[in-house]
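Trainee: My file is target.pdb. It has PDB, C-alpha atoms:
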```
ATOM      1  CA  MET A 762     -11.390 -13.249   4.686
ATOM      2  CA  ASP A 763     -11.915 -12.524   0.975
ATOM      3  CA  GLU A 764     -14.596  -9.959   1.823
ATOM      4  CA  ILE A 765     -12.249  -8.113   4.166
ATOM      5  CA  ILE A 766      -9.444  -7.980   1.589
ATOM      6  CA  ASP A 767     -11.922  -6.817  -1.074
ATOM      7  CA  LEU A 768     -13.152  -4.062   1.247
ATOM      8  CA  ILE A 769      -9.613  -2.886   2.009
ATOM      9  CA  VAL A 770      -8.753  -2.822  -1.715
ATOM     10  CA  ARG A 771     -11.953  -0.966  -2.589
ATOM     11  CA  GLU A 772     -11.487   1.639   0.142
ATOM     12  CA  THR A 773      -7.776   2.084  -0.638
ATOM     13  CA  ASN A 774      -8.595   2.812  -4.270
ATOM     14  CA  ARG A 775     -11.494   5.081  -3.303
ATOM     15  CA  TYR A 776      -9.248   7.060  -0.954
ATOM     16  CA  ALA A 777      -6.587   7.438  -3.657
ATOM     17  CA  GLU A 778      -9.173   8.663  -6.161
ATOM     18  CA  GLN A 779     -10.497  11.244  -3.681
ATOM     19  CA  TYR A 780      -6.969  12.327  -2.803
ATOM     20  CA  PHE A 781      -5.991  12.930  -6.437
ATOM     21  CA  GLN A 782      -9.197  14.881  -7.056
ATOM     22  CA  THR A 783      -8.533  17.246  -4.151
ATOM     23  CA  HIS A 784      -4.746  17.713  -4.377
ATOM     24  CA  ASP A 785      -2.595  19.315  -7.008
ATOM     25  CA  ILE A 786       0.048  16.715  -7.855
ATOM     26  CA  SER A 787       3.275  18.017  -9.412
ATOM     27  CA  ARG A 788       4.710  16.377 -12.515
ATOM     28  CA  ARG A 789       7.664  14.963 -10.570
ATOM     29  CA  SER A 790       5.601  13.552  -7.715
ATOM     30  CA  LYS A 791       5.829   9.820  -7.066
ATOM     31  CA  SER A 792       2.068   9.949  -6.568
ATOM     32  CA  ARG A 793       1.714  10.072 -10.353
ATOM     33  CA  GLN A 794       3.001   6.484 -10.447
ATOM     34  CA  TRP A 795      -0.046   5.278  -8.484
ATOM     35  CA  LYS A 796      -1.724   2.152  -9.824
ATOM     36  CA  LEU A 797      -4.956   0.712  -8.495
ATOM     37  CA  ALA A 798      -4.495  -1.753  -5.654
ATOM     38  CA  ASN A 799      -5.750  -5.311  -6.107
ATOM     39  CA  ASP A 800      -6.379  -8.316  -3.892
ATOM     40  CA  VAL A 801      -3.138 -10.129  -4.804
ATOM     41  CA  GLU A 802      -1.057  -7.062  -4.011
ATOM     42  CA  MET A 803      -2.914  -6.496  -0.725
ATOM     43  CA  ARG A 804      -2.409 -10.104   0.395
ATOM     44  CA  LYS A 805       1.321  -9.798  -0.308
ATOM     45  CA  PHE A 806       1.441  -6.557   1.666
ATOM     46  CA  TYR A 807      -0.219  -8.118   4.710
ATOM     47  CA  GLY A 808       2.031 -11.169   4.372
ATOM     48  CA  ILE A 809       5.040  -8.878   4.630
ATOM     49  CA  ILE A 810       3.563  -7.187   7.708
ATOM     50  CA  ILE A 811       3.032 -10.579   9.377
ATOM     51  CA  GLU A 812       6.551 -11.716   8.456
ATOM     52  CA  MET A 813       7.973  -8.507   9.923
ATOM     53  CA  ARG A 814       6.260  -9.320  13.213
ATOM     54  CA  LEU A 815       7.635 -12.875  13.225
ATOM     55  CA  VAL A 816      11.215 -11.818  12.417
ATOM     56  CA  PRO A 817      11.863  -8.678  14.493
ATOM     57  CA  MET A 818      14.725  -6.421  13.415
ATOM     58  CA  SER A 819      16.110  -3.381  15.169
ATOM     59  CA  GLU A 820      15.588  -1.003  12.220
ATOM     60  CA  LEU A 821      12.799  -0.835   9.645
ATOM     61  CA  GLY A 822      15.281  -0.415   6.785
ATOM     62  CA  TYR A 823      16.824  -3.816   7.558
ATOM     63  CA  TYR A 824      13.712  -5.545   6.168
ATOM     64  CA  TRP A 825      14.454  -4.118   2.719
ATOM     65  CA  SER A 826      18.233  -4.663   2.758
ATOM     66  CA  SER A 827      19.715  -7.066   0.236
ATOM     67  CA  SER A 828      22.649  -7.959   2.486
TER      68      SER A 828
END
```
For this file, produce the structure as structure tokens.

Mentor:
Amino acid sequence: MDEIIDLIVRETNRYAEQYFQTHDISRRSKSRQWKLANDVEMRKFYGIIIEMRLVPMSELGYYWSSS
């Protein structure tokens, strides 16, 4: 499993690097806030995806609601 997560992190970061090299990013773009992905962050992301499958809600925005 560690190898798969490492591959996803590596390819995510490689894609982002290629994207920024080939696109003109404006000063106000949220893309400028990009930080390299890491294995801890990726595991949390996939944990959220799994949790979303286990607790179905009618709207995507409900998963991020504080109420």

Trainee: Can you list, as a short mmCIF file (atom, residue, chain, number, x, y, z; two decimals) with C-alpha atoms, keeping the file's coordinate frame, every protein, DNA or RNA residue that comes within 8 Å of region 804-818 of chain A when you count only C-alpha atoms, leaving out same-chain residues fewer than 5 positions away?

Mentor:
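Output contents, as saved in part08.cif:
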```cif
data_model
loop_
_atom_site.label_atom_id
_atom_site.label_comp_id
_atom_site.auth_asym_id
_atom_site.auth_seq_id
_atom_site.Cartn_x
_atom_site.Cartn_y
_atom_site.Cartn_z
CA ILE A 766 -9.44 -7.98 1.59
CA TYR A 823 16.82 -3.82 7.56
CA TYR A 824 13.71 -5.54 6.17
#
```

Trainee: Write out as lines of an AutoDock Vina configuration file an axis-aligned box for region 787-798 of chain A: all of its atoms listed in the file, 5 Å added on each side, centre and edge lengths in Å with one decimal.

Mentor:
```
center_x = 1.4
center_y = 8.1
center_z = -9.1
size_x = 22.6
size_y = 29.8
size_z = 16.9
```

Trainee: Let me make sure I understand: among A:Met762, A:Leu821, A:Met803, A:Ala798, which one has the smallest atom-to-atom distance to Tyr776 (chain A) if we use all atoms listed in the file?

Mentor: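 Closest residue, counting all atoms listed in the file: A:Ala798.
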
Trainee: Looking at A:Ser827, A:Tyr780, A:Asp763, A:Gly822, which one is nearest to Asn799 (chain A), with distances taken over only C-alpha atoms?

Mentor: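 Comparing A:Ser827, A:Tyr780, A:Asp763, A:Gly822 against Asn799 (chain A), the winner is A:Asp763.
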
Trainee: If we count only C-alpha atoms, what is near Leu797 (chain A) at a cut-off of 12 Å, once residues fewer than 5 positions away on the same chain are taken out, given as a list in words?

Mentor: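 Final neighbour list, sorted by chain and number: Val770, Arg771, Glu772, Thr773, Asn774, Arg775, Tyr776, Ala777, Glu778, Ser792, Glu802 and Met803 of chain A.
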
Trainee: Can you measure CA of Asp767 (chain A) to CA of Ile786 (chain A) for me? One decimal in Å is fine.

Mentor: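 Computed distance, CA of Asp767 (chain A) to CA of Ile786 (chain A), equals 27.3 Å.
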
Trainee: Please reconstruct the missing atoms of region 787-798 of chain A (target: all heavy atoms) and return them as a PDB file, in the frame of the given file.

Mentor:
```pdb
ATOM      1  N   SER A 787       2.262  17.506  -8.480  1.00  0.00           N
ATOM      2  CA  SER A 787       3.275  18.017  -9.412  1.00  0.00           C
ATOM      3  C   SER A 787       3.692  16.927 -10.391  1.00  0.00           C
ATOM      4  O   SER A 787       3.514  15.739 -10.144  1.00  0.00           O
ATOM      5  CB  SER A 787       4.495  18.538  -8.657  1.00  0.00           C
ATOM      6  OG  SER A 787       5.234  17.466  -8.134  1.00  0.00           O
ATOM      7  N   ARG A 788       4.291  17.327 -11.479  1.00  0.00           N
ATOM      8  CA  ARG A 788       4.710  16.377 -12.515  1.00  0.00           C
ATOM      9  C   ARG A 788       5.754  15.389 -12.010  1.00  0.00           C
ATOM     10  O   ARG A 788       5.839  14.273 -12.477  1.00  0.00           O
ATOM     11  CB  ARG A 788       5.265  17.122 -13.716  1.00  0.00           C
ATOM     12  CG  ARG A 788       4.213  17.836 -14.495  1.00  0.00           C
ATOM     13  CD  ARG A 788       4.802  18.450 -15.732  1.00  0.00           C
ATOM     14  NE  ARG A 788       3.741  19.175 -16.422  1.00  0.00           N
ATOM     15  CZ  ARG A 788       3.939  19.960 -17.439  1.00  0.00           C
ATOM     16  NH1 ARG A 788       5.160  20.158 -17.889  1.00  0.00           N
ATOM     17  NH2 ARG A 788       2.934  20.564 -18.016  1.00  0.00           N
ATOM     18  N   ARG A 789       6.585  15.820 -11.072  1.00  0.00           N
ATOM     19  CA  ARG A 789       7.664  14.963 -10.570  1.00  0.00           C
ATOM     20  C   ARG A 789       7.259  14.135  -9.354  1.00  0.00           C
ATOM     21  O   ARG A 789       8.071  13.375  -8.838  1.00  0.00           O
ATOM     22  CB  ARG A 789       8.885  15.801 -10.259  1.00  0.00           C
ATOM     23  CG  ARG A 789       9.482  16.427 -11.512  1.00  0.00           C
ATOM     24  CD  ARG A 789      10.776  17.095 -11.212  1.00  0.00           C
ATOM     25  NE  ARG A 789      10.535  18.307 -10.419  1.00  0.00           N
ATOM     26  CZ  ARG A 789      11.475  19.098  -9.970  1.00  0.00           C
ATOM     27  NH1 ARG A 789      12.729  18.822 -10.216  1.00  0.00           N
ATOM     28  NH2 ARG A 789      11.179  20.172  -9.278  1.00  0.00           N
ATOM     29  N   SER A 790       6.047  14.258  -8.913  1.00  0.00           N
ATOM     30  CA  SER A 790       5.601  13.552  -7.715  1.00  0.00           C
ATOM     31  C   SER A 790       5.514  12.045  -7.962  1.00  0.00           C
ATOM     32  O   SER A 790       5.052  11.590  -9.004  1.00  0.00           O
ATOM     33  CB  SER A 790       4.232  14.074  -7.291  1.00  0.00           C
ATOM     34  OG  SER A 790       3.722  13.292  -6.240  1.00  0.00           O
ATOM     35  N   LYS A 791       5.954  11.278  -6.974  1.00  0.00           N
ATOM     36  CA  LYS A 791       5.829   9.820  -7.066  1.00  0.00           C
ATOM     37  C   LYS A 791       4.361   9.400  -7.047  1.00  0.00           C
ATOM     38  O   LYS A 791       4.040   8.285  -7.469  1.00  0.00           O
ATOM     39  CB  LYS A 791       6.584   9.144  -5.932  1.00  0.00           C
ATOM     40  CG  LYS A 791       8.071   9.196  -6.116  1.00  0.00           C
ATOM     41  CD  LYS A 791       8.764   8.288  -5.142  1.00  0.00           C
ATOM     42  CE  LYS A 791      10.242   8.304  -5.458  1.00  0.00           C
ATOM     43  NZ  LYS A 791      10.907   7.112  -5.032  1.00  0.00           N
ATOM     44  N   SER A 792       3.494  10.261  -6.583  1.00  0.00           N
ATOM     45  CA  SER A 792       2.068   9.949  -6.568  1.00  0.00           C
ATOM     46  C   SER A 792       1.530   9.704  -7.974  1.00  0.00           C
ATOM     47  O   SER A 792       0.558   8.977  -8.157  1.00  0.00           O
ATOM     48  CB  SER A 792       1.273  11.080  -5.923  1.00  0.00           C
ATOM     49  OG  SER A 792       1.642  11.222  -4.582  1.00  0.00           O
ATOM     50  N   ARG A 793       2.154  10.273  -8.969  1.00  0.00           N
ATOM     51  CA  ARG A 793       1.714  10.072 -10.353  1.00  0.00           C
ATOM     52  C   ARG A 793       1.930   8.626 -10.812  1.00  0.00           C
ATOM     53  O   ARG A 793       1.363   8.201 -11.799  1.00  0.00           O
ATOM     54  CB  ARG A 793       2.435  11.020 -11.297  1.00  0.00           C
ATOM     55  CG  ARG A 793       1.993  12.450 -11.146  1.00  0.00           C
ATOM     56  CD  ARG A 793       2.532  13.273 -12.309  1.00  0.00           C
ATOM     57  NE  ARG A 793       1.993  14.594 -12.270  1.00  0.00           N
ATOM     58  CZ  ARG A 793       0.853  14.956 -12.864  1.00  0.00           C
ATOM     59  NH1 ARG A 793       0.164  14.088 -13.522  1.00  0.00           N
ATOM     60  NH2 ARG A 793       0.429  16.199 -12.782  1.00  0.00           N
ATOM     61  N   GLN A 794       2.739   7.879 -10.097  1.00  0.00           N
ATOM     62  CA  GLN A 794       3.001   6.484 -10.447  1.00  0.00           C
ATOM     63  C   GLN A 794       1.949   5.538  -9.858  1.00  0.00           C
ATOM     64  O   GLN A 794       2.038   4.323 -10.029  1.00  0.00           O
ATOM     65  CB  GLN A 794       4.388   6.077  -9.962  1.00  0.00           C
ATOM     66  CG  GLN A 794       5.507   6.852 -10.603  1.00  0.00           C
ATOM     67  CD  GLN A 794       6.857   6.512  -9.989  1.00  0.00           C
ATOM     68  OE1 GLN A 794       7.004   5.553  -9.244  1.00  0.00           O
ATOM     69  NE2 GLN A 794       7.850   7.320 -10.297  1.00  0.00           N
ATOM     70  N   TRP A 795       0.974   6.089  -9.144  1.00  0.00           N
ATOM     71  CA  TRP A 795      -0.046   5.278  -8.484  1.00  0.00           C
ATOM     72  C   TRP A 795      -0.755   4.372  -9.478  1.00  0.00           C
ATOM     73  O   TRP A 795      -1.139   4.771 -10.563  1.00  0.00           O
ATOM     74  CB  TRP A 795      -1.073   6.180  -7.793  1.00  0.00           C
ATOM     75  CG  TRP A 795      -2.273   5.423  -7.315  1.00  0.00           C
ATOM     76  CD1 TRP A 795      -3.471   5.304  -7.945  1.00  0.00           C
ATOM     77  CD2 TRP A 795      -2.384   4.668  -6.112  1.00  0.00           C
ATOM     78  NE1 TRP A 795      -4.326   4.532  -7.219  1.00  0.00           N
ATOM     79  CE2 TRP A 795      -3.679   4.121  -6.082  1.00  0.00           C
ATOM     80  CE3 TRP A 795      -1.516   4.399  -5.066  1.00  0.00           C
ATOM     81  CZ2 TRP A 795      -4.126   3.319  -5.038  1.00  0.00           C
ATOM     82  CZ3 TRP A 795      -1.975   3.611  -4.034  1.00  0.00           C
ATOM     83  CH2 TRP A 795      -3.260   3.083  -4.023  1.00  0.00           C
ATOM     84  N   LYS A 796      -0.924   3.119  -9.074  1.00  0.00           N
ATOM     85  CA  LYS A 796      -1.724   2.152  -9.824  1.00  0.00           C
ATOM     86  C   LYS A 796      -2.754   1.602  -8.855  1.00  0.00           C
ATOM     87  O   LYS A 796      -2.499   1.494  -7.656  1.00  0.00           O
ATOM     88  CB  LYS A 796      -0.845   1.033 -10.360  1.00  0.00           C
ATOM     89  CG  LYS A 796       0.121   1.492 -11.438  1.00  0.00           C
ATOM     90  CD  LYS A 796       0.943   0.325 -11.944  1.00  0.00           C
ATOM     91  CE  LYS A 796       1.840   0.697 -13.086  1.00  0.00           C
ATOM     92  NZ  LYS A 796       2.833   1.672 -12.842  1.00  0.00           N
ATOM     93  N   LEU A 797      -3.910   1.240  -9.357  1.00  0.00           N
ATOM     94  CA  LEU A 797      -4.956   0.712  -8.495  1.00  0.00           C
ATOM     95  C   LEU A 797      -4.468  -0.515  -7.735  1.00  0.00           C
ATOM     96  O   LEU A 797      -3.771  -1.375  -8.293  1.00  0.00           O
ATOM     97  CB  LEU A 797      -6.190   0.330  -9.319  1.00  0.00           C
ATOM     98  CG  LEU A 797      -6.954   1.478  -9.954  1.00  0.00           C
ATOM     99  CD1 LEU A 797      -8.077   0.939 -10.827  1.00  0.00           C
ATOM    100  CD2 LEU A 797      -7.504   2.412  -8.901  1.00  0.00           C
ATOM    101  N   ALA A 798      -4.826  -0.583  -6.464  1.00  0.00           N
ATOM    102  CA  ALA A 798      -4.495  -1.753  -5.654  1.00  0.00           C
ATOM    103  C   ALA A 798      -5.389  -2.916  -6.083  1.00  0.00           C
ATOM    104  O   ALA A 798      -6.475  -2.715  -6.628  1.00  0.00           O
ATOM    105  CB  ALA A 798      -4.712  -1.438  -4.173  1.00  0.00           C
TER     106      ALA A 798
END
```
